[in-house]
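Since the structure comes first, as structure tokens, the remarks are kept for the end.
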Amino acid sequence: MRLDHFSLDPSLGFGLGLRPQHYPYIFEHQPEVDWFEIISENFMDTDGKPKRNLARIKERYPVVMHGVSMSIGSVDPLNSEYLKKLKALIDWVNPAWISDHLCWTGVAHKNTHDLLPLPYTEESLKHIVQRIRQVQDRLGRRIALENPSTYLEFKHSTIAEAEFMAAMANEADCHLLLDVNNVYVTCYNHRLDPQTYLDALPLDRVIQVHLSGHSNKGNHIVDTHDDHVIDEVWNLYKYVVHRAGRVPNTMIEWDDRIPDFPVLFAELDKAKLAAQHASEFTLPQLAQAGSVVLDTPGMPLLAAQTQMQQAVTLGSRFDSAPEQWIRAKHAFAPHEQLSVYANAYRYRLYDVVAEDYPVLQHYLTEQTFADLIWAFVAEVLPDHFNIGRFALKLPAFIQKELPNDAFAYALCQLETTVAQMTDPAETEALNESHLQGLTAESILDLTLYPRQALRLLQFDYQVNAYYQAVMDDEVDVAPRKEAVYLAVFRHEDVVWRMSLEAHEFALLSRIFSGATIGEVLADVDESENHNITAYFSKWMRNGLLASQHDEYL
């Protein structure tokens, strides 16, 4: 596909990253923000509340999309499911532009959910340029790629990062997203000169700038997005504006320890003030004499990515000999550089999983639960671009690790279902108006369907009562063996757990298997007909059935 002529339009001004904590403030006060940036993956794999909130935002504000899981640098084939969902979101949002990162997130169909660094070689450059062209062809528009914050350099890299990005952008004809904080973090970690880095970039391709805070660990900096922008980064931003001769679209990122909205708004005012005084800067001096880099044999991109992924995901179980492939830094040894990624990988997955299982944690006790989740993270590798889907693997892991604890397995199944119920579409429920005009014969020919946000569950233990007792802060609660049948469903963003009778559960299961009403009734004893009427009224009242309106025309 031939892209339109190169342009950095639109010029939107100063924006903020859109975070759920700030929806109430934004909806009430409608602050004077020029635009908002969303994390694409937070809206690609859900049709729940996030998209309804975003629909309200995009009615009033321009929106841009920023991704974290395209994995443009991976040697794996491009993820067709990811690109399909990304394209669908683009068509719905109509963003001013879209972006992702110069990185890779995994190989061999695994996903570390981290922005892993590339070796900067001719092989990598050729690979990246080809992939960008494929993505831009698929999406029908240019993408912008962001310079990463990195904590290690491959010994066999032969191109400076900024020079690599310049060549990439020019050869692939794409935009750049310049994260000024990332420039500072990377230069600090690798003892580089940030002015040299910025001077190597084609600023005429920068469509957006990110500004954020970080955590300084002494011998290295971690890009945590959890604090105010520091003075050194403000000075680099001024230099970018000064050298570019224009004010790029500029945004504040704040992703952890997120403050109240007015704090972010004040940070945005600082950015506007810095842009107005762009000629008044003092650049930080970060460059240091590094260790001597000996001639290092080239390593194919596949080998480099496989080596790093194993080191990150397997931890101490795999000796990757980091000193052989990672450049040493003064007071920041190769194994320390690698541990930044390995630790982030584990803690990120632990936090994402653990927060969804408060009842299971209560049952197992805090320490046993923690040990179990750490073991899960160490053994099981995520493979979906949505990090929230990683928890789907936990029930099978518990069944294997705790083979004699059927209650823990059942409880995990229930909490997994509840946690995942926030994402399916809010299907229109069947109501009486959909049945008007139907004859008795046509009703018998109907096939009924469940709403998308509904699951039927059957357990040998009374997990639902235990779940509710824990949620109600009851101290003396014990699991008991008793058959239980449940419908777990979402209605207006609230997840419900409704008990069903055994016969009722069997009827619903039969209906949802595709049998017509006539076929279901043929298998029911006439003495049960009054129960079926009561059941159907209950299902309609609680919205368990999908309207499937076209089926009745």
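Numbering starts fresh at 1 for the residues of each chain in the structure tokens, the chains themselves are lettered A, B, ... in the order given, and ligands are numbered from 1 as they appear.
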
List as a compact mmCIF listing (two decimals) with C-alpha atoms, in the first residue's frame the protein and nucleic acid residues near A:Asp460, meaning an atom at most 7 Å away when only C-alpha atoms are counted, but skip any in the same chain fewer than 2 places from it.
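Printed below is result_9.txt as written:
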```txt
# COMPACT_ATOMS: atom_id res chain seq x y z
CA GLN A 462 -19.51 -24.86 48.02
CA LYS A 481 -18.17 -30.43 50.17
CA GLU A 482 -21.48 -29.81 48.47
CA ALA A 483 -22.46 -29.73 44.81
CA VAL A 484 -22.99 -26.19 43.57
```

Inset, instruction - May I have the residues within 9 Å of A:Gly15 as a ChimeraX atom specification, using only C-alpha atoms and disregarding those fewer than 6 positions away in the same chain? - result: /A:33-37,249-252,268

List every residue of stretch 37-115 of chain A that has an atom at most 7 Å from any atom of stretch 126-150 of chain A, and for each one report the closest atom pair and its distance in Å to one decimal, counting only C-alpha atoms, with rows sorted by chain and then by increasing residue number, as CSV.
```
residue,atom,partner,partner_atom,distance
A:Ile72,CA,A:Arg131,CA,6.4
A:Gly73,CA,A:Ile128,CA,5.8
A:Lys87,CA,A:Leu139,CA,6.1
A:Ile98,CA,A:Ile143,CA,5.5
A:Ser99,CA,A:Ala144,CA,4.4
A:Asp100,CA,A:Leu145,CA,5.1
A:His101,CA,A:Glu146,CA,4.5
A:Leu102,CA,A:Leu145,CA,5.7
```

Once you have the residues from the selection above, write them out as a PDB file, in the first residue's frame, restricted to C-alpha atoms.
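Result file again_17.pdb:
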```pdb
ATOM      1  CA  ILE A  72       8.217  -5.153  16.102  1.00  0.00           C
ATOM      2  CA  GLY A  73      11.756  -6.426  16.696  1.00  0.00           C
ATOM      3  CA  LYS A  87      -6.721  -2.426  13.288  1.00  0.00           C
ATOM      4  CA  ILE A  98      -0.429   5.389  16.572  1.00  0.00           C
ATOM      5  CA  SER A  99       2.839   4.305  18.128  1.00  0.00           C
ATOM      6  CA  ASP A 100       4.736   1.444  19.724  1.00  0.00           C
ATOM      7  CA  HIS A 101       8.333   0.779  20.813  1.00  0.00           C
ATOM      8  CA  LEU A 102      11.605  -0.147  19.158  1.00  0.00           C
TER       9      LEU A 102
END
```

Inset, instruction - Write down as a PyMOL selection string the residues belonging to stretch 336-508 of chain A that are assigned helix (DSSP H, G or I) by DSSP computed on the backbone. - result: chain A and resi 336-354+358-364+366-379+387-401+406-420+432-435+440-444+463-471+502-508

Inset, instruction - Name the residues of stretch 241-353 of chain A that come out as strand (DSSP E or B) in a backbone DSSP run; write them as a ChimeraX atom specification. - result: /A:249-252,326,329,332

Legend entry - Within 12 Å of A:Glu232 using only C-alpha atoms, minus same-chain residues under 5 positions, as a count of residues only: 24

Legend entry - Which of A:Leu192, A:Pro119, A:Val377, A:Tyr347 sits closest to A:Ile159 [using only C-alpha atoms]: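 For A:Ile159, the nearest of the given residues is A:Pro119.
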
Legend entry - Closest of A:Val75, A:Ala354, A:Leu264, A:Leu203 to A:Pro300 - atom-to-atom distances counting only C-alpha atoms: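 The shortest atom-to-atom distance to A:Pro300 comes from A:Val75.
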
Legend entry - Long-range neighbours of A:Ala375 as a PyMOL selection string, 12 Å cut-off, only C-alpha atoms, 3 positions minimum in chain: chain A and resi 314+346+349-350+368-372+378-381+394+397-398+400-401

Okay, now the selection with N, CA and C atoms, as a PDB file, in the first residue's frame?
```
ATOM      1  N   LEU A 314      13.952 -17.762  32.887  1.00  0.00           N
ATOM      2  CA  LEU A 314      14.396 -18.908  33.683  1.00  0.00           C
ATOM      3  C   LEU A 314      15.206 -18.505  34.905  1.00  0.00           C
ATOM      4  N   ARG A 346       9.430 -10.908  36.710  1.00  0.00           N
ATOM      5  CA  ARG A 346       8.788 -11.686  37.769  1.00  0.00           C
ATOM      6  C   ARG A 346       7.800 -10.858  38.582  1.00  0.00           C
ATOM      7  N   LEU A 349       4.519  -9.988  36.578  1.00  0.00           N
ATOM      8  CA  LEU A 349       3.575 -11.090  36.470  1.00  0.00           C
ATOM      9  C   LEU A 349       2.959 -11.431  37.823  1.00  0.00           C
ATOM     10  N   TYR A 350       3.766 -11.408  38.873  1.00  0.00           N
ATOM     11  CA  TYR A 350       3.244 -11.711  40.201  1.00  0.00           C
ATOM     12  C   TYR A 350       2.128 -10.734  40.570  1.00  0.00           C
ATOM     13  N   THR A 368       1.676 -19.208  51.913  1.00  0.00           N
ATOM     14  CA  THR A 368       1.498 -20.329  50.974  1.00  0.00           C
ATOM     15  C   THR A 368       1.055 -19.824  49.614  1.00  0.00           C
ATOM     16  N   PHE A 369       0.146 -18.855  49.629  1.00  0.00           N
ATOM     17  CA  PHE A 369      -0.320 -18.268  48.377  1.00  0.00           C
ATOM     18  C   PHE A 369       0.835 -17.596  47.632  1.00  0.00           C
ATOM     19  N   ALA A 370       1.637 -16.819  48.358  1.00  0.00           N
ATOM     20  CA  ALA A 370       2.770 -16.129  47.719  1.00  0.00           C
ATOM     21  C   ALA A 370       3.740 -17.136  47.108  1.00  0.00           C
ATOM     22  N   ASP A 371       4.045 -18.185  47.847  1.00  0.00           N
ATOM     23  CA  ASP A 371       4.959 -19.212  47.333  1.00  0.00           C
ATOM     24  C   ASP A 371       4.399 -19.853  46.071  1.00  0.00           C
ATOM     25  N   LEU A 372       3.090 -20.077  46.064  1.00  0.00           N
ATOM     26  CA  LEU A 372       2.451 -20.699  44.909  1.00  0.00           C
ATOM     27  C   LEU A 372       2.528 -19.798  43.683  1.00  0.00           C
ATOM     28  N   ALA A 378       7.538 -18.579  37.905  1.00  0.00           N
ATOM     29  CA  ALA A 378       8.832 -19.159  37.535  1.00  0.00           C
ATOM     30  C   ALA A 378       8.689 -20.272  36.498  1.00  0.00           C
ATOM     31  N   GLU A 379       7.585 -21.004  36.548  1.00  0.00           N
ATOM     32  CA  GLU A 379       7.452 -22.196  35.706  1.00  0.00           C
ATOM     33  C   GLU A 379       6.663 -21.970  34.432  1.00  0.00           C
ATOM     34  N   VAL A 380       5.641 -21.142  34.481  1.00  0.00           N
ATOM     35  CA  VAL A 380       4.718 -20.991  33.353  1.00  0.00           C
ATOM     36  C   VAL A 380       5.033 -19.702  32.606  1.00  0.00           C
ATOM     37  N   LEU A 381       5.149 -19.800  31.296  1.00  0.00           N
ATOM     38  CA  LEU A 381       5.488 -18.633  30.482  1.00  0.00           C
ATOM     39  C   LEU A 381       4.235 -18.057  29.828  1.00  0.00           C
ATOM     40  N   LEU A 394      -3.483 -20.384  35.564  1.00  0.00           N
ATOM     41  CA  LEU A 394      -3.305 -20.699  36.982  1.00  0.00           C
ATOM     42  C   LEU A 394      -4.110 -21.908  37.457  1.00  0.00           C
ATOM     43  N   PHE A 397      -2.272 -25.045  36.772  1.00  0.00           N
ATOM     44  CA  PHE A 397      -1.061 -25.116  37.583  1.00  0.00           C
ATOM     45  C   PHE A 397      -1.384 -25.558  39.003  1.00  0.00           C
ATOM     46  N   ILE A 398      -2.446 -25.023  39.566  1.00  0.00           N
ATOM     47  CA  ILE A 398      -2.838 -25.413  40.921  1.00  0.00           C
ATOM     48  C   ILE A 398      -3.258 -26.870  40.964  1.00  0.00           C
ATOM     49  N   LYS A 400      -2.082 -29.199  39.257  1.00  0.00           N
ATOM     50  CA  LYS A 400      -0.861 -29.997  39.218  1.00  0.00           C
ATOM     51  C   LYS A 400      -0.072 -29.890  40.521  1.00  0.00           C
ATOM     52  N   GLU A 401       0.032 -28.680  41.055  1.00  0.00           N
ATOM     53  CA  GLU A 401       0.851 -28.452  42.240  1.00  0.00           C
ATOM     54  C   GLU A 401       0.164 -28.892  43.531  1.00  0.00           C
TER      55      GLU A 401
END
```

Legend entry - Minimum-distance residue to A:Gln420, chosen among A:Thr46, A:Tyr341, A:Ile90, A:Glu492 (using only C-alpha atoms):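 Using only C-alpha atoms, the shortest distance to A:Gln420 belongs to A:Thr46.
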
Inset, instruction - Please provide the set of residues having any atom within 10 Å of A:Pro50, restricted to only C-alpha atoms, with same-chain residues fewer than 6 positions apart removed, written as a PyMOL selection string. - result: chain A and resi 20+42-44+422-423+493

Legend entry - A:Glu28, A:Asp351, A:Asp260, A:Glu280 ranked by distance to A:Phe390, top pick (using only C-alpha atoms): A:Asp351

Inset, instruction - Rank nothing, just name the residue among A:Leu457, A:Leu16, A:Ile517, A:Leu176 nearest to A:Thr416, using only C-alpha atoms. - result: A:Leu457

Inset, instruction - Pick out the residues sitting within 9 Å of A:Glu504, and hand them over as a list in words; count only C-alpha atoms, and ignore anything fewer than 4 positions along from it in its own chain. - result: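 That gives Tyr485, Leu500, Leu508, Ser509, Asn531, Ile532 and Tyr535 of chain A.
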
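Around A:Ala162, within 9 Å and counting only C-alpha atoms, the residues found are Asn147, Ile159, Met165, Ala166, Ala167, Thr196, Tyr197, Leu198, Asp199, Ala200 and Leu201 of chain A, once anything fewer than 3 positions away on its own chain is removed.
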
Would you save the residues from that selection as a PDB file, in the first residue's frame, using N, CA and C atoms?
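Output contents, as saved in part.pdb:
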```
ATOM      1  N   ASN A 147      11.942   5.406  21.108  1.00  0.00           N
ATOM      2  CA  ASN A 147      13.251   4.968  21.603  1.00  0.00           C
ATOM      3  C   ASN A 147      13.074   4.336  22.980  1.00  0.00           C
ATOM      4  N   ILE A 159      26.100  -0.466  15.781  1.00  0.00           N
ATOM      5  CA  ILE A 159      25.511   0.822  15.430  1.00  0.00           C
ATOM      6  C   ILE A 159      25.023   1.485  16.712  1.00  0.00           C
ATOM      7  N   MET A 165      18.089   4.302  14.977  1.00  0.00           N
ATOM      8  CA  MET A 165      16.724   4.822  14.857  1.00  0.00           C
ATOM      9  C   MET A 165      16.598   5.762  13.665  1.00  0.00           C
ATOM     10  N   ALA A 166      17.616   6.552  13.424  1.00  0.00           N
ATOM     11  CA  ALA A 166      17.582   7.468  12.286  1.00  0.00           C
ATOM     12  C   ALA A 166      17.505   6.695  10.973  1.00  0.00           C
ATOM     13  N   ALA A 167      18.353   5.681  10.840  1.00  0.00           N
ATOM     14  CA  ALA A 167      18.346   4.874   9.617  1.00  0.00           C
ATOM     15  C   ALA A 167      17.020   4.135   9.477  1.00  0.00           C
ATOM     16  N   THR A 196      24.826  14.151  21.959  1.00  0.00           N
ATOM     17  CA  THR A 196      25.228  13.379  20.782  1.00  0.00           C
ATOM     18  C   THR A 196      24.093  12.485  20.319  1.00  0.00           C
ATOM     19  N   TYR A 197      23.402  11.874  21.277  1.00  0.00           N
ATOM     20  CA  TYR A 197      22.258  11.006  20.966  1.00  0.00           C
ATOM     21  C   TYR A 197      21.184  11.805  20.218  1.00  0.00           C
ATOM     22  N   LEU A 198      20.791  12.953  20.766  1.00  0.00           N
ATOM     23  CA  LEU A 198      19.714  13.739  20.164  1.00  0.00           C
ATOM     24  C   LEU A 198      20.119  14.318  18.819  1.00  0.00           C
ATOM     25  N   ASP A 199      21.393  14.690  18.683  1.00  0.00           N
ATOM     26  CA  ASP A 199      21.848  15.274  17.423  1.00  0.00           C
ATOM     27  C   ASP A 199      21.828  14.258  16.287  1.00  0.00           C
ATOM     28  N   ALA A 200      21.858  12.976  16.626  1.00  0.00           N
ATOM     29  CA  ALA A 200      21.855  11.935  15.591  1.00  0.00           C
ATOM     30  C   ALA A 200      20.456  11.631  15.074  1.00  0.00           C
ATOM     31  N   LEU A 201      19.424  12.104  15.776  1.00  0.00           N
ATOM     32  CA  LEU A 201      18.049  11.779  15.403  1.00  0.00           C
ATOM     33  C   LEU A 201      17.505  12.752  14.363  1.00  0.00           C
TER      34      LEU A 201
END
```

Legend entry - Nearest to A:Thr306, chosen from A:Trp104, A:Trp92, A:Trp97, A:Phe505, with only C-alpha atoms counted in the distances: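 When distances to A:Thr306 are compared using only C-alpha atoms, the smallest one comes from A:Trp104.
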
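The space separating atom CA of A:Val524 from atom CA of A:Gln452 comes to 26.5 Å.
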
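Separating atom CA of A:Glu336 from atom CA of A:Tyr151 is a distance of 9.0 Å.
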